[in-house]
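All remarks here apply to the structure that follows.
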Amino acid sequence: MINAPDRDVPFTRTIEHKFFAPWELEAHDKTVVYREYSRACGEGDIPYYPVRLVAAQALLEHYEARARAEPRVTFVGRLGTYQYLDMDRAIAQALEVTKTWFLAEYR
Ligand SMILES: Cc1cc2nc3c(=O)[nH]c(=O)nc-3n(C[C@H](O)[C@H](O)[C@H](O)COP(=O)(O)OP(=O)(O)OC[C@H]3O[C@@H](n4cnc5c(N)ncnc54)[C@H](O)[C@@H]3O)c2cc1C
C-alpha cells in the first residue's frame with residue numbers, strides 16, 4: 001500500500017493486494033492494483049467512517065449513559081465506541097476488554 005497524501009493527487013492510496021500474503025507471491029502470475037478515491041458518504045452508502053459532528057456527540061453521550069446503566073454489557077470496536085479505529089487498535093481493544101472487563105464480569 002502506498003499512501004498519496006498530496007492535495008494534487010486525486011486518490012488517497014494505491015493497493016496491491018498480493019503483498020498482503022507474501023508467502024503466496026510465487027503463486028500469482030497476474031496482479032491487481034487499485035486506487036482508492038475518497039468522497040463524502042451519501043444516501044444509500046454504508047457509513048464506514050464515524051464522523052463526530054456536534055449533534056452526533058450529544059446522541060453518543062445519550063447512548064453512553066444508557067450503555068453504562070446496562071449491567072454486564074460493554075461495547076468495543078468502531079461501531080460500539082463510535083471512533084475511528086484502525087484494525088490493530090480494534091483488535092487490541094477487543095483483547096484488552098476480554099482480559100480485563102470480561103473476565104472480571106463473567107468469572
Ligand atoms: C474502506 C476501508 C479501508 C480500511 N483500510 C484499513 C487499513 O488499510 N488498515 C487498517 O488497519 N484498517 C483499515 N480500515 C479499518 C478497519 O476495517 C476497521 O478498523 C476494523 O474493521 C474495525 O473493526 P470493528 O470490529 O470495530 O468493526 P467492523 O469490522 O465494522 O465490525 C462491525 C460489525 O458489526 C456488524 N453490525 C453492524 N450493525 C449491526 C447491528 N445492528 N447488529 C449486529 N451487527 C451489526 C457489522 O456487520 C460488522 O460485521 C479500513 C476501513 C474501511 C472502511
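So you can find residues: chains in the C-alpha cells are A, B, ... in the order shown, residues in each start at 1, and ligands are numbered from 1 in order.
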Given a cut-off of 10 Å, what residues near ligand 1 show up using only C-alpha atoms and all ligand atoms, put as a PyMOL selection string? chain A and resi 1+3+13+15+36-38+46-50+75-91+93-94
*Neighbour list for Glu16 in chain A as a VMD selection string, cut-off 10 Å, only C-alpha atoms, skip fewer than 2 positions in-chain*: chain A and resid 1 to 2 14 18 to 20 31 to 35
Can you write out the residues you just picked, keeping C-alpha atoms, as a compact mmCIF listing (two decimals), in the first residue's frame?
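Final output, selection.txt:
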```
# COMPACT_ATOMS: atom_id res chain seq x y z
CA MET A 1 0.00 0.00 0.00
CA ILE A 2 1.30 3.43 -0.93
CA THR A 14 -2.71 2.56 -4.16
CA LYS A 18 -0.93 -9.87 -3.31
CA PHE A 19 1.64 -8.35 -0.97
CA PHE A 20 -0.71 -8.92 1.97
CA THR A 31 -1.84 -8.95 -10.10
CA VAL A 32 -4.46 -6.33 -9.34
CA VAL A 33 -3.53 -2.80 -8.34
CA TYR A 34 -6.25 -0.40 -7.41
CA ARG A 35 -6.55 3.19 -6.29
```
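Picture a line from CA of Arg7 in chain A to CA of Arg39 in chain A; it runs 13.9 Å.
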* Once DSSP has gone over the backbone, tell me which residues of range 2-107 of chain A are in helix (DSSP H, G or I), as a ChimeraX atom specification. => /A:17-20,22-27,54-69,77-81,87-105
Mind listing the strand (DSSP E or B) residues of chain A, per DSSP on the backbone, as a tab-separated table (two decimals) with N, CA, C and O atoms, in the first residue's frame?
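Wrote it out as part03.tsv, contents follow:
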```
chain	number	residue	atom	x	y	z
A	2	ILE	N	0.56	2.16	-0.90
A	2	ILE	CA	1.30	3.43	-0.93
A	2	ILE	C	0.29	4.55	-0.74
A	2	ILE	O	-0.67	4.68	-1.51
A	3	ASN	N	0.47	5.32	0.33
A	3	ASN	CA	-0.42	6.46	0.59
A	3	ASN	C	-0.07	7.63	-0.31
A	3	ASN	O	1.10	7.83	-0.65
A	13	ARG	N	-4.80	6.36	-1.89
A	13	ARG	CA	-3.76	5.34	-1.81
A	13	ARG	C	-3.87	4.33	-2.96
A	13	ARG	O	-4.91	4.21	-3.59
A	14	THR	N	-2.79	3.62	-3.16
A	14	THR	CA	-2.71	2.56	-4.16
A	14	THR	C	-2.45	1.25	-3.40
A	14	THR	O	-1.59	1.23	-2.52
A	15	ILE	N	-3.18	0.21	-3.76
A	15	ILE	CA	-3.02	-1.05	-3.03
A	15	ILE	C	-2.81	-2.20	-4.02
A	15	ILE	O	-3.53	-2.31	-5.01
A	16	GLU	N	-1.82	-3.02	-3.72
A	16	GLU	CA	-1.60	-4.25	-4.49
A	16	GLU	C	-1.74	-5.40	-3.50
A	16	GLU	O	-0.86	-5.68	-2.68
A	33	VAL	N	-3.92	-4.00	-9.08
A	33	VAL	CA	-3.53	-2.80	-8.34
A	33	VAL	C	-4.71	-1.85	-8.43
A	33	VAL	O	-5.23	-1.63	-9.53
A	34	TYR	N	-5.16	-1.35	-7.30
A	34	TYR	CA	-6.25	-0.40	-7.41
A	34	TYR	C	-5.98	0.86	-6.59
A	34	TYR	O	-5.16	0.86	-5.67
A	35	ARG	N	-6.69	1.91	-6.97
A	35	ARG	CA	-6.55	3.19	-6.29
A	35	ARG	C	-7.82	3.51	-5.55
A	35	ARG	O	-8.91	3.25	-6.07
A	36	GLU	N	-7.70	4.07	-4.38
A	36	GLU	CA	-8.88	4.46	-3.61
A	36	GLU	C	-9.07	5.98	-3.69
A	36	GLU	O	-8.13	6.74	-3.47
```
One decimal place gives the CA of Pro71 in chain A-CA of Tyr106 in chain A separation as 11.6 Å
TODO: Pick out the residues sitting within 10 Å of Ala104 in chain A, and hand them over as a list of chain:residue names; count only C-alpha atoms, and ignore anything fewer than 6 positions along from it in its own chain.
DONE: A:Arg72, A:Val97, A:Thr98
Quiz item: Can you tell me, as a list in words, what residues are no more than 12 Å from Glu61 in chain A when counting only C-alpha atoms, ignoring any on the same chain fewer than 5 positions away?
Solution: Arg52, Val54, Ala55, Ala56, Arg66, Ala67, Arg68, Thr81 and Tyr82 of chain A
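Here CA of Val9 in chain A is placed at a distance of 27.0 Å from CA of Leu53 in chain A.
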